[in-house]
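A.B. asks: What follows is upload-v1.cif, mmCIF, C-alpha atoms and all ligand atoms.
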data_coords
loop_
_atom_site.label_atom_id
_atom_site.label_comp_id
_atom_site.auth_asym_id
_atom_site.auth_seq_id
_atom_site.Cartn_x
_atom_site.Cartn_y
_atom_site.Cartn_z
CA MET A 1 -16.18 37.47 0.52
CA HIS A 2 -13.80 37.04 -2.34
CA ILE A 3 -11.89 40.07 -3.66
CA GLU A 4 -12.32 39.97 -7.43
CA ASN A 5 -11.89 43.63 -8.37
CA THR A 6 -8.77 43.83 -10.60
CA LYS A 7 -8.01 47.41 -9.54
CA ILE A 8 -7.59 46.22 -5.95
CA LEU A 9 -5.74 43.03 -6.86
CA SER A 10 -3.20 44.85 -9.02
CA ALA A 11 -2.59 47.57 -6.38
CA LEU A 12 -1.86 45.24 -3.45
CA PRO A 13 1.81 44.36 -4.22
CA ASN A 14 2.80 48.05 -4.51
CA LEU A 15 1.02 48.83 -1.25
CA GLY A 16 2.90 46.05 0.56
CA VAL A 17 -0.32 44.20 1.34
CA ASP A 18 -0.58 40.39 1.28
CA LEU A 19 -3.81 38.73 0.18
CA LEU A 20 -4.77 35.55 2.04
CA ARG A 21 -7.67 33.78 0.40
CA SER A 22 -10.63 32.25 2.28
CA VAL A 23 -9.22 32.45 5.79
CA SER A 24 -11.36 30.85 8.51
CA LEU A 25 -12.17 33.33 11.30
CA GLY A 26 -12.96 30.30 13.46
CA GLU A 27 -9.23 29.63 13.43
CA LEU A 28 -8.27 33.24 14.16
CA THR A 29 -10.59 33.90 17.09
CA SER A 30 -10.31 32.63 20.67
CA LEU A 31 -13.99 31.54 20.63
CA GLY A 32 -13.26 29.30 17.63
CA ILE A 33 -16.40 30.49 15.83
CA GLY A 34 -16.70 32.22 12.46
CA GLY A 35 -16.88 31.72 8.71
CA ALA A 36 -14.35 32.37 5.96
CA THR A 37 -13.32 35.44 3.99
CA ASP A 38 -10.31 37.04 2.30
CA LEU A 39 -7.81 38.70 4.60
CA LEU A 40 -5.48 41.58 3.73
CA ARG A 41 -2.31 41.74 5.80
CA ILE A 42 -0.81 45.23 5.86
CA HIS A 43 2.96 45.63 6.16
CA ARG A 44 3.25 49.44 5.88
CA HIS A 45 1.19 51.92 7.87
CA GLN A 46 1.62 54.58 5.17
CA SER A 47 -0.25 52.36 2.67
CA ILE A 48 -3.41 52.40 4.75
CA PRO A 49 -5.00 55.64 3.41
CA SER A 50 -4.56 54.46 -0.22
CA LEU A 51 -5.83 50.97 0.62
CA LEU A 52 -8.88 52.28 2.47
CA ASN A 53 -9.65 54.77 -0.34
CA LEU A 54 -9.54 51.88 -2.79
CA LEU A 55 -11.85 49.74 -0.67
CA GLU A 56 -14.33 52.62 -0.25
CA GLU A 57 -14.23 53.45 -3.94
CA THR A 58 -14.89 49.83 -4.94
CA GLU A 59 -17.46 49.37 -2.14
CA VAL A 60 -15.74 46.42 -0.49
CA PRO A 61 -16.97 46.11 3.13
CA HIS A 62 -14.16 45.49 5.58
CA LYS A 63 -13.49 44.95 9.27
CA PHE A 64 -10.33 45.24 11.31
CA LEU A 65 -8.92 42.21 13.14
CA GLY A 66 -6.46 42.35 16.03
CA GLY A 67 -5.78 39.10 17.89
CA GLY A 68 -9.42 37.90 17.69
CA SER A 69 -9.83 37.49 21.46
CA ASN A 70 -12.94 39.65 21.88
CA LEU A 71 -14.89 38.66 18.79
CA LEU A 72 -17.96 36.61 17.92
CA VAL A 73 -18.13 36.19 14.14
CA ILE A 74 -21.08 34.77 12.18
CA ASP A 75 -20.72 31.50 10.28
CA GLY A 76 -20.63 30.82 6.54
CA GLU A 77 -19.21 32.95 3.75
CA LEU A 78 -18.67 36.35 5.41
CA PRO A 79 -20.11 39.47 3.72
CA PHE A 80 -16.95 41.51 4.42
CA ILE A 81 -13.19 41.17 4.11
CA VAL A 82 -10.81 41.45 7.04
CA LEU A 83 -7.77 43.73 7.42
CA GLN A 84 -4.93 42.95 9.81
CA LEU A 85 -1.60 44.61 10.56
CA ALA A 86 1.50 42.47 9.99
CA GLN A 87 3.91 42.18 12.89
CA PRO A 88 6.93 44.51 12.48
CA ASN A 89 10.30 43.72 13.98
CA PRO A 90 10.96 45.17 16.53
CA ASP A 91 7.39 45.80 17.66
CA VAL A 92 8.30 47.34 21.04
CA VAL A 93 11.04 49.94 21.61
CA ILE A 94 11.79 51.21 25.10
CA ALA A 95 13.56 54.48 25.96
CA GLY A 96 13.46 55.64 29.58
CA ASN A 97 9.85 55.46 30.78
CA ILE A 98 8.42 55.45 27.27
CA ALA A 99 7.48 52.28 25.42
CA SER A 100 6.75 52.79 21.70
CA VAL A 101 4.61 49.88 20.63
CA ASP A 102 3.16 48.80 17.30
CA ALA A 103 -0.57 48.03 17.40
CA ALA A 104 0.12 44.51 16.09
CA ALA A 105 2.35 43.69 19.10
CA ASP A 106 1.16 40.96 21.44
CA LEU A 107 -0.15 42.58 24.65
CA GLY A 108 1.28 39.97 27.05
CA LYS A 109 4.70 40.12 25.42
CA THR A 110 4.63 43.93 25.67
CA VAL A 111 3.77 43.86 29.40
CA THR A 112 6.57 41.36 30.03
CA LEU A 113 9.15 43.29 28.03
CA CYS A 114 8.26 46.53 29.84
CA ALA A 115 8.53 44.69 33.19
CA LYS A 116 12.02 43.47 32.28
CA ASN A 117 12.93 47.12 31.71
CA ASN A 118 11.60 47.99 35.17
CA LEU A 119 8.44 49.62 33.80
CA GLY A 120 5.26 48.65 35.65
CA GLY A 121 1.59 49.67 35.88
CA MET A 122 0.27 47.08 33.44
CA GLU A 123 0.50 44.01 35.71
CA GLY A 124 -3.31 43.50 35.54
CA LEU A 125 -3.12 43.08 31.77
CA ILE A 126 -1.06 39.94 31.97
CA GLY A 127 -3.34 37.13 30.80
CA VAL A 128 -5.43 39.42 28.58
CA PRO A 129 -4.89 37.87 25.14
CA GLY A 130 -4.74 39.83 21.89
CA THR A 131 -2.84 42.76 20.45
CA VAL A 132 -1.98 46.19 21.81
CA GLY A 133 -4.25 47.73 19.11
CA GLY A 134 -7.21 45.63 20.28
CA ALA A 135 -6.45 46.57 23.90
CA LEU A 136 -6.49 50.28 22.98
CA ARG A 137 -9.74 49.99 21.05
CA MET A 138 -11.41 48.15 23.96
CA ASN A 139 -9.53 50.06 26.69
CA ALA A 140 -8.68 46.63 28.09
CA GLY A 141 -8.26 46.43 31.82
CA ALA A 142 -8.44 44.21 34.85
CA TYR A 143 -7.92 44.29 38.60
CA GLY A 144 -8.41 48.03 38.88
CA MET A 145 -6.26 49.20 35.97
CA GLN A 146 -6.82 49.98 32.29
CA ILE A 147 -4.38 50.52 29.43
CA GLY A 148 -5.78 54.00 28.64
CA SER A 149 -4.24 55.40 31.85
CA TYR A 150 -0.75 55.01 30.38
CA VAL A 151 -1.34 56.30 26.86
CA ARG A 152 0.81 59.28 25.89
CA GLU A 153 0.14 59.28 22.14
CA VAL A 154 -1.67 57.11 19.63
CA LYS A 155 -0.89 56.91 15.93
CA VAL A 156 -4.25 56.36 14.32
CA TYR A 157 -5.75 56.16 10.84
CA ARG A 158 -8.81 58.42 11.08
CA ALA A 159 -11.62 57.33 8.85
CA ALA A 160 -13.22 60.82 8.94
CA THR A 161 -10.19 62.60 7.46
CA ARG A 162 -8.70 59.54 5.72
CA THR A 163 -5.29 60.45 7.10
CA ILE A 164 -2.89 59.13 9.69
CA GLU A 165 -2.81 61.38 12.76
CA ILE A 166 -1.05 61.43 16.10
CA LEU A 167 -3.47 61.96 18.99
CA ARG A 168 -2.20 62.92 22.43
CA GLY A 169 -3.54 61.00 25.43
CA PRO A 170 -5.70 63.86 26.81
CA GLU A 171 -7.44 64.17 23.41
CA ILE A 172 -8.78 60.61 23.79
CA SER A 173 -11.38 59.57 26.30
CA PHE A 174 -10.79 56.11 27.80
CA GLU A 175 -13.77 54.78 29.73
CA TYR A 176 -14.77 51.34 30.97
CA ARG A 177 -14.31 49.15 27.83
CA HIS A 178 -15.02 52.17 25.67
CA THR A 179 -12.93 54.81 23.90
CA SER A 180 -13.68 57.97 21.93
CA PHE A 181 -12.17 56.59 18.71
CA ALA A 182 -14.66 56.40 15.82
CA PRO A 183 -15.77 52.84 15.01
CA ASP A 184 -13.72 52.74 11.81
CA ASP A 185 -10.56 54.44 13.15
CA MET A 186 -7.55 52.16 13.12
CA MET A 187 -4.98 52.15 15.88
CA LEU A 188 -1.51 51.79 14.36
CA ALA A 189 0.93 52.43 17.22
CA VAL A 190 1.04 53.85 20.73
CA THR A 191 3.53 55.39 23.11
CA LEU A 192 2.97 54.41 26.72
CA ASP A 193 4.35 56.42 29.63
CA LEU A 194 4.93 53.89 32.39
CA PRO A 195 5.97 54.23 36.04
CA SER A 196 9.41 52.93 37.07
CA LYS A 197 9.24 49.89 39.35
CA PRO A 198 11.76 47.20 40.24
CA TYR A 199 11.33 44.06 38.10
CA GLN A 200 10.89 41.78 41.12
CA GLN A 201 8.05 43.93 42.43
CA ILE A 202 6.30 43.90 39.03
CA LEU A 203 6.77 40.13 38.84
CA GLN A 204 5.10 39.72 42.20
CA GLY A 205 2.10 41.75 40.96
CA ILE A 206 1.96 39.65 37.78
CA ARG A 207 1.99 36.41 39.83
CA ILE A 208 -0.91 37.63 41.96
CA CYS A 209 -2.98 38.55 38.87
CA ASN A 210 -2.14 35.22 37.19
CA GLU A 211 -3.26 33.34 40.28
CA LYS A 212 -6.56 35.31 40.42
CA ARG A 213 -7.25 34.43 36.77
CA ARG A 214 -6.31 30.77 37.17
CA SER A 215 -8.63 30.39 40.15
CA SER A 216 -11.66 32.12 38.60
CA GLN A 217 -11.59 31.80 34.79
CA PRO A 218 -11.97 28.85 32.37
CA LEU A 219 -8.53 29.44 30.88
CA GLY A 220 -8.15 26.20 28.92
CA GLN A 221 -11.47 26.66 27.10
CA LYS A 222 -12.47 28.61 24.02
CA SER A 223 -13.95 31.95 25.10
CA ALA A 224 -13.85 35.67 24.38
CA GLY A 225 -13.38 36.67 28.02
CA CYS A 226 -16.37 38.43 29.55
CA ILE A 227 -19.42 38.42 27.28
CA PHE A 228 -21.17 41.36 28.98
CA LYS A 229 -19.91 44.63 30.44
CA ASN A 230 -20.59 45.04 34.12
CA PRO A 231 -23.52 47.42 34.64
CA PRO A 232 -22.72 50.54 36.73
CA GLY A 233 -22.08 49.43 40.30
CA GLY A 234 -22.91 45.78 39.57
CA SER A 235 -21.40 42.54 38.34
CA ALA A 236 -22.84 40.76 35.29
CA GLY A 237 -21.17 37.50 36.37
CA ARG A 238 -22.70 37.66 39.85
CA MET A 239 -26.22 38.27 38.50
CA ILE A 240 -25.94 35.38 36.02
CA ASP A 241 -24.55 33.13 38.76
CA GLU A 242 -27.33 34.09 41.19
CA LEU A 243 -29.88 33.02 38.56
CA GLY A 244 -28.32 29.55 38.56
CA LEU A 245 -27.23 29.85 34.95
CA LYS A 246 -23.71 28.41 35.21
CA GLY A 247 -23.70 25.43 32.86
CA PHE A 248 -26.77 26.72 30.95
CA SER A 249 -26.28 26.00 27.25
CA ARG A 250 -27.52 26.33 23.68
CA GLY A 251 -25.91 23.65 21.50
CA ASP A 252 -22.18 23.70 22.30
CA ALA A 253 -22.32 27.29 23.61
CA ARG A 254 -22.29 27.19 27.40
CA VAL A 255 -22.13 29.53 30.39
CA SER A 256 -18.85 28.57 32.07
CA ASP A 257 -19.05 26.65 35.34
CA ARG A 258 -16.08 28.65 36.63
CA HIS A 259 -17.09 32.21 35.69
CA ALA A 260 -20.69 33.03 34.79
CA ASN A 261 -19.73 35.96 32.53
CA PHE A 262 -17.47 33.73 30.37
CA PHE A 263 -19.41 31.82 27.71
CA VAL A 264 -17.43 28.93 26.26
CA ASN A 265 -17.48 26.96 23.03
CA THR A 266 -17.32 23.39 24.32
CA GLY A 267 -17.04 21.78 20.88
CA ARG A 268 -18.57 22.91 17.63
CA ALA A 269 -20.73 25.82 18.76
CA SER A 270 -22.15 27.90 15.92
CA ALA A 271 -22.47 31.69 16.04
CA ALA A 272 -26.25 31.14 16.18
CA ASP A 273 -25.83 28.96 19.32
CA MET A 274 -23.69 31.63 21.02
CA LEU A 275 -26.01 34.49 20.00
CA ALA A 276 -29.05 32.53 21.25
CA LEU A 277 -27.31 31.90 24.59
CA ILE A 278 -26.39 35.60 24.92
CA ALA A 279 -29.97 36.67 24.11
CA GLU A 280 -31.50 34.18 26.57
CA VAL A 281 -29.18 35.14 29.44
CA ARG A 282 -29.71 38.85 28.76
CA GLU A 283 -33.49 38.31 28.82
CA ARG A 284 -33.38 36.42 32.13
CA VAL A 285 -31.20 39.07 33.77
CA GLN A 286 -33.52 41.77 32.44
CA GLN A 287 -36.58 40.00 33.89
CA ALA A 288 -34.99 39.31 37.28
CA TYR A 289 -33.05 42.53 37.85
CA GLY A 290 -34.49 45.05 35.36
CA VAL A 291 -30.97 45.54 33.99
CA THR A 292 -30.18 45.29 30.26
CA LEU A 293 -26.69 43.88 29.94
CA GLU A 294 -24.58 45.40 27.18
CA ASN A 295 -22.21 43.22 25.14
CA GLU A 296 -18.52 43.48 25.87
CA VAL A 297 -17.84 40.93 23.11
CA VAL A 298 -17.83 42.52 19.65
CA VAL A 299 -20.24 40.76 17.28
CA TRP A 300 -19.46 40.71 13.56
CA ASN A 301 -22.76 39.77 11.99
CA ALA A 302 -22.92 42.00 8.92
C1 LIG B 401 -9.36 34.24 28.38
C2 LIG B 401 -9.64 35.70 28.12
C3 LIG B 401 -9.50 36.63 29.13
C4 LIG B 401 -9.77 37.98 28.91
N1 LIG B 401 -9.62 38.86 29.92
C5 LIG B 401 -9.84 40.20 29.71
C6 LIG B 401 -9.65 41.14 30.76
O1 LIG B 401 -9.30 40.81 31.89
N2 LIG B 401 -9.87 42.45 30.48
C7 LIG B 401 -10.25 42.89 29.24
O2 LIG B 401 -10.40 44.11 29.03
N3 LIG B 401 -10.43 42.01 28.22
C8 LIG B 401 -10.24 40.68 28.42
N4 LIG B 401 -10.44 39.78 27.39
C9 LIG B 401 -10.95 40.26 26.08
C10 LIG B 401 -9.85 40.59 25.03
O3 LIG B 401 -8.67 39.84 25.27
C11 LIG B 401 -9.52 42.08 25.01
O4 LIG B 401 -10.68 42.84 24.68
C12 LIG B 401 -8.41 42.40 23.99
O5 LIG B 401 -7.88 43.67 24.29
C13 LIG B 401 -8.88 42.37 22.54
O6 LIG B 401 -7.73 42.51 21.71
P1 LIG B 401 -7.64 41.79 20.29
O7 LIG B 401 -6.39 42.25 19.63
O8 LIG B 401 -7.79 40.31 20.43
O9 LIG B 401 -8.89 42.42 19.55
P2 LIG B 401 -9.95 41.72 18.55
O10 LIG B 401 -10.70 40.70 19.32
O11 LIG B 401 -9.27 41.28 17.31
O12 LIG B 401 -10.87 42.96 18.21
C14 LIG B 401 -11.72 43.53 19.18
C15 LIG B 401 -12.23 44.88 18.62
O13 LIG B 401 -11.14 45.77 18.49
C16 LIG B 401 -11.01 46.18 17.13
N5 LIG B 401 -9.57 46.28 16.85
C17 LIG B 401 -8.61 45.35 17.05
N6 LIG B 401 -7.40 45.87 16.74
C18 LIG B 401 -7.63 47.13 16.34
C19 LIG B 401 -6.79 48.19 15.88
N7 LIG B 401 -5.47 48.08 15.78
N8 LIG B 401 -7.37 49.36 15.51
C20 LIG B 401 -8.72 49.53 15.60
N9 LIG B 401 -9.57 48.58 16.04
C21 LIG B 401 -9.01 47.40 16.41
C22 LIG B 401 -11.70 45.13 16.29
O14 LIG B 401 -12.15 45.66 15.06
C23 LIG B 401 -12.84 44.76 17.22
O15 LIG B 401 -13.86 45.72 17.11
C24 LIG B 401 -10.19 38.41 27.61
C25 LIG B 401 -10.32 37.47 26.57
C26 LIG B 401 -10.06 36.13 26.82
C27 LIG B 401 -10.21 35.13 25.68
#
Spell out the structure here as C-alpha cells.
C.D. replies:
Amino acid sequence: MHIENTKILSALPNLGVDLLRSVSLGELTSLGIGGATDLLRIHRHQSIPSLLNLLEETEVPHKFLGGGSNLLVIDGELPFIVLQLAQPNPDVVIAGNIASVDAAADLGKTVTLCAKNNLGGMEGLIGVPGTVGGALRMNAGAYGMQIGSYVREVKVYRAATRTIEILRGPEISFEYRHTSFAPDDMMLAVTLDLPSKPYQQILQGIRICNEKRRSSQPLGQKSAGCIFKNPPGGSAGRMIDELGLKGFSRGDARVSDRHANFFVNTGRASAADMLALIAEVRERVQQAYGVTLENEVVVWNA
C-alpha cells in the first residue's frame, strides 16, 4: 500500500516519523516471506496518538512490526502499511534490579546487558530473536520461563482510549504465548524487575540454553520459530514427528528435519506454500489425534 493522502504526508515530519517507501517484508522477517508496503518509522512515543488518529481518520489500515521473527506475511502488494518503532539510544537503562527497556530494543542484547549487571531470570530467552516489544506481545518464553514473570510496568498505547498509559504487571495477564493486551495496543517500553545473580552463574545458564537450541533447532535456516502452540499437556512437535512429517513440504516450505514444529523456507517459498503446509499438517494432526493445533506464528493476510 502506498500512502498518498497529503494530510498524512505533510504531518509526518512534525511527528518525527520517517516514511520508507515500498519496503519488502520478505527482507524484514526471519521467514523471508512477504510482499511490499510503505513503512512508517516512529521516533517519538508521544507522536503515536496523533499518528494513529490520523491513520484512523483517513482509513489507512496498518499493522505493527517488531523484529519480524514470528510473522508470516502474504505476498504481493500488501493491503496495509506497517508501523515500527525506531531504536532510541540508550534503549536499556539499569538501576538496581530494575531494567527500563524500550520496546524497540533487541531482546538478546537486553538479556546480555542485564546479565552483565548481575541480573538474571531471562536466560531461557537467549536465542529468541526479535524485539522486547514483540516478546511482550507474545509473552515469549522457553525452557520453563516467560518474560511476563518479570514485568513490573508496561508503557502502552491503548487503542481503546487512544492514549498512552502505564499498566502495572498485575493488571496484565501473561499466559502461554498470550497476553491480555488488545490486538491493536502497542507496547512502547517496559520495566523489568529481575533477580540478582552472579554473572558467571547466568552465563552458565545461557550456555546450557544455547546448547539445547543448537542441538534441536534449525538455527541457520529461515523460520519463525515454532509454527503451532503446544496443546495443553502435549507437544505439537512430537505429534508432527510421530506422523512422519519431518521433511514434508509444499513448494519451498518444509517441515524441518531437526524440529518438527519449525517450518522452514528452503529457498523461495511463497506465503501460499507456507499456508498450505500449515493447513495440511494441522489437518493430519487433527485426523490422527483429534487435536486442532493453534498457530503460534502470526499471519498477516489482510
Ligand atoms: C529461530 C527462532 C527461535 C525462536 N524461539 C522462540 C522461543 O524459544 N520462544 C518464543 O516464545 N518465541 C520464539 N521465537 C518466535 C519469536 O522470536 C518471538 O515470538 C518474538 O518474541 C517475536 O518478537 P518480534 O519483535 O520479532 O515480533 P514480530 O514478529 O515483529 O511480531 C509478532 C507479533 O507481535 C506484535 N508486535 C511486535 N512488536 C510489538 C509492539 N511493540 N507492540 C505491540 N505489538 C507488537 C506484531 O504486531 C505481531 O502481532 C523464535 C523465532 C525464531 C525465528
A.B. asks: Do a neighbour search on Asn139 in chain A at 6 Å with only C-alpha atoms, toss out local chain neighbours closer than 5 positions, and write the hits as a PyMOL selection string.
C.D. replies: chain A and resi 147-148+177-178
A.B. asks: May I have a table of the residues of chain A lying at most 8 Å from ligand LIG 401 (chain B), giving each one's closest pair of atoms and their distance in Å to one decimal, counting all atoms listed in the file, ordered by chain and ascending residue number, as a tab-separated table?
C.D. replies:
residue	atom	partner	partner_atom	distance
A:Thr29	CA	B:LIG401	O10	7.2
A:Ser30	CA	B:LIG401	C27	5.6
A:Leu31	CA	B:LIG401	C27	7.3
A:Lys63	CA	B:LIG401	O14	6.0
A:Phe64	CA	B:LIG401	O14	4.2
A:Leu65	CA	B:LIG401	O11	4.3
A:Gly66	CA	B:LIG401	O11	3.3
A:Gly67	CA	B:LIG401	O8	3.5
A:Gly68	CA	B:LIG401	O11	3.4
A:Ser69	CA	B:LIG401	O8	3.6
A:Asn70	CA	B:LIG401	O10	3.6
A:Leu71	CA	B:LIG401	O10	4.7
A:Gln84	CA	B:LIG401	N7	7.9
A:Leu85	CA	B:LIG401	N7	7.4
A:Ala103	CA	B:LIG401	N7	5.2
A:Ala104	CA	B:LIG401	N7	6.6
A:Asp106	CA	B:LIG401	O7	7.9
A:Leu107	CA	B:LIG401	O5	7.8
A:Gly124	CA	B:LIG401	O1	7.5
A:Leu125	CA	B:LIG401	O1	6.6
A:Gly127	CA	B:LIG401	C3	6.4
A:Val128	CA	B:LIG401	N1	4.4
A:Pro129	CA	B:LIG401	O3	4.3
A:Gly130	CA	B:LIG401	O8	3.4
A:Thr131	CA	B:LIG401	O7	3.7
A:Val132	CA	B:LIG401	O7	6.3
A:Gly133	CA	B:LIG401	N7	3.6
A:Gly134	CA	B:LIG401	O6	3.5
A:Ala135	CA	B:LIG401	O5	3.3
A:Leu136	CA	B:LIG401	O5	6.9
A:Arg137	CA	B:LIG401	O13	5.1
A:Met138	CA	B:LIG401	O4	5.4
A:Asn139	CA	B:LIG401	O2	6.5
A:Ala140	CA	B:LIG401	O2	3.2
A:Gly141	CA	B:LIG401	O2	4.2
A:Ala142	CA	B:LIG401	O1	4.6
A:Tyr143	CA	B:LIG401	O1	7.7
A:Gln146	CA	B:LIG401	O2	7.6
A:Val156	CA	B:LIG401	N8	7.8
A:Arg177	CA	B:LIG401	O2	6.5
A:Pro183	CA	B:LIG401	N9	7.6
A:Asp184	CA	B:LIG401	C20	7.0
A:Asp185	CA	B:LIG401	C20	5.8
A:Met186	CA	B:LIG401	N8	3.7
A:Met187	CA	B:LIG401	N8	3.7
A:Leu188	CA	B:LIG401	N7	5.6
A:Ala189	CA	B:LIG401	N7	7.9
A:Gln217	CA	B:LIG401	C1	7.2
A:Pro218	CA	B:LIG401	C1	7.2
A:Leu219	CA	B:LIG401	C1	5.5
A:Gln221	CA	B:LIG401	C1	8.0
A:Lys222	CA	B:LIG401	C27	7.1
A:Ser223	CA	B:LIG401	C27	4.9
A:Ala224	CA	B:LIG401	C27	3.9
A:Gly225	CA	B:LIG401	C25	3.5
A:Cys226	CA	B:LIG401	N4	6.5
A:Glu296	CA	B:LIG401	O4	8.0
A:Val297	CA	B:LIG401	C9	7.5
A:Val298	CA	B:LIG401	O15	5.7
A.B. asks: Please provide the set of residues having any atom within 8 Å of Ile240 in chain A, restricted to all atoms listed in the file, with same-chain residues fewer than 4 positions apart removed, written as a ChimeraX atom specification.
C.D. replies: /A:236,244-246,260-261,281,285
A.B. asks: What's the separation between CA of His2 in chain A and CA of Ala160 in chain A, in Å to one decimal place?
C.D. replies: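 Computing it gives 26.3 Å between the two atoms.
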A.B. asks: Suppose you want the space between CA of Pro90 in chain A and CA of Arg21 in chain A; what is it in Å?
C.D. replies: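 It comes out at 27.1 Å.
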A.B. asks: Restricting the calculation to only C-alpha atoms, which member of A:Gly108, A:Gly35, A:Pro170, A:Pro13 is positioned closest to Phe80 in chain A?
C.D. replies: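 For Phe80 in chain A, the nearest of the given residues is A:Gly35.
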A.B. asks: Tell me, in Å to one decimal, how far CA of Asn230 in chain A is from CA of Gly267 in chain A.
C.D. replies: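 If I compute the distance from CA of Asn230 in chain A to CA of Gly267 in chain A, I get 27.0 Å.
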A.B. asks: Please determine the residues with any atom at most 12 Å from (-8.7, 51.5, -1.6) (coordinates as given in the file, with all atoms listed in the file counting) and report them as a PDB file with C-alpha atoms, in the coordinates of the input.
C.D. replies:
ATOM      1  CA  ASN A   5     -11.890  43.630  -8.370  1.00  0.00           C
ATOM      2  CA  THR A   6      -8.770  43.830 -10.600  1.00  0.00           C
ATOM      3  CA  LYS A   7      -8.010  47.410  -9.540  1.00  0.00           C
ATOM      4  CA  ILE A   8      -7.590  46.220  -5.950  1.00  0.00           C
ATOM      5  CA  LEU A   9      -5.740  43.030  -6.860  1.00  0.00           C
ATOM      6  CA  SER A  10      -3.200  44.850  -9.020  1.00  0.00           C
ATOM      7  CA  ALA A  11      -2.590  47.570  -6.380  1.00  0.00           C
ATOM      8  CA  LEU A  12      -1.860  45.240  -3.450  1.00  0.00           C
ATOM      9  CA  LEU A  15       1.020  48.830  -1.250  1.00  0.00           C
ATOM     10  CA  VAL A  17      -0.320  44.200   1.340  1.00  0.00           C
ATOM     11  CA  LEU A  40      -5.480  41.580   3.730  1.00  0.00           C
ATOM     12  CA  SER A  47      -0.250  52.360   2.670  1.00  0.00           C
ATOM     13  CA  ILE A  48      -3.410  52.400   4.750  1.00  0.00           C
ATOM     14  CA  PRO A  49      -5.000  55.640   3.410  1.00  0.00           C
ATOM     15  CA  SER A  50      -4.560  54.460  -0.220  1.00  0.00           C
ATOM     16  CA  LEU A  51      -5.830  50.970   0.620  1.00  0.00           C
ATOM     17  CA  LEU A  52      -8.880  52.280   2.470  1.00  0.00           C
ATOM     18  CA  ASN A  53      -9.650  54.770  -0.340  1.00  0.00           C
ATOM     19  CA  LEU A  54      -9.540  51.880  -2.790  1.00  0.00           C
ATOM     20  CA  LEU A  55     -11.850  49.740  -0.670  1.00  0.00           C
ATOM     21  CA  GLU A  56     -14.330  52.620  -0.250  1.00  0.00           C
ATOM     22  CA  GLU A  57     -14.230  53.450  -3.940  1.00  0.00           C
ATOM     23  CA  THR A  58     -14.890  49.830  -4.940  1.00  0.00           C
ATOM     24  CA  GLU A  59     -17.460  49.370  -2.140  1.00  0.00           C
ATOM     25  CA  VAL A  60     -15.740  46.420  -0.490  1.00  0.00           C
ATOM     26  CA  PRO A  61     -16.970  46.110   3.130  1.00  0.00           C
ATOM     27  CA  HIS A  62     -14.160  45.490   5.580  1.00  0.00           C
ATOM     28  CA  LEU A  83      -7.770  43.730   7.420  1.00  0.00           C
ATOM     29  CA  ARG A 162      -8.700  59.540   5.720  1.00  0.00           C
TER      30      ARG A 162
END
A.B. asks: Excluding Ile172 in chain A and residues on its chain fewer than 6 positions from it, collect all residues at most 9 Å away from it, counting only C-alpha atoms, and give them as a list of chain:residue names.
C.D. replies: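 Here the qualifying residues turn out to be A:Gly148, A:Val154, A:Thr179, A:Ser180, A:Phe181.
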A.B. asks: Kindly indicate which residue among A:Ser215, A:Thr163, A:Thr191, A:Gln204 lies nearest to Asp91 in chain A, using only C-alpha atoms for the distances.
C.D. replies: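 Result for the nearest residue to Asp91 in chain A: A:Thr191.
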A.B. asks: Under the rule that only C-alpha atoms are counted, which of A:Gln287, A:Lys109, A:Tyr176, A:Val255 is the nearest residue to Met274 in chain A?
C.D. replies: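 Ranking A:Gln287, A:Lys109, A:Tyr176, A:Val255 by distance to Met274 in chain A, first place goes to A:Val255.
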A.B. asks: For Ala271 in chain A, which residue out of A:Asn295, A:Asn14, A:Asn118, A:Asn301 is the nearest one, using all atoms listed in the file?
C.D. replies: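 Under the stated criterion, the closest residue is A:Asn301.
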A.B. asks: So, counting all atoms listed in the file, which residue among A:Glu211, A:Asp38, A:Glu165, A:Glu77 is closest to Asp18 in chain A?
C.D. replies: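 Ranked by minimum distance to Asp18 in chain A, first place goes to A:Asp38.
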A.B. asks: Do a neighbour search on Ala115 in chain A at 8 Å with all atoms listed in the file, toss out local chain neighbours closer than 6 positions, and write the hits as a PDB file with C-alpha atoms, keeping the file's coordinate frame.
C.D. replies:
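Okay, this is what ended up in selection00.pdb:
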ATOM      1  CA  TYR A 199      11.330  44.060  38.100  1.00  0.00           C
ATOM      2  CA  ILE A 202       6.300  43.900  39.030  1.00  0.00           C
ATOM      3  CA  LEU A 203       6.770  40.130  38.840  1.00  0.00           C
TER       4      LEU A 203
END
A.B. asks: Which one of A:Ile33, A:Ile94, A:Ala182, A:Met145 sits closest to Arg158 in chain A if you count only C-alpha atoms?
C.D. replies: A:Ala182
A.B. asks: Take the point (-9.1, 36.2, 0.3) in the file's coordinates, draw a sphere of radius 10 Å around it, and report as a ChimeraX atom specification every protein, DNA or RNA residue with an atom inside or on it, counting only C-alpha atoms.
C.D. replies: /A:1-4,18-23,36-40,81-82
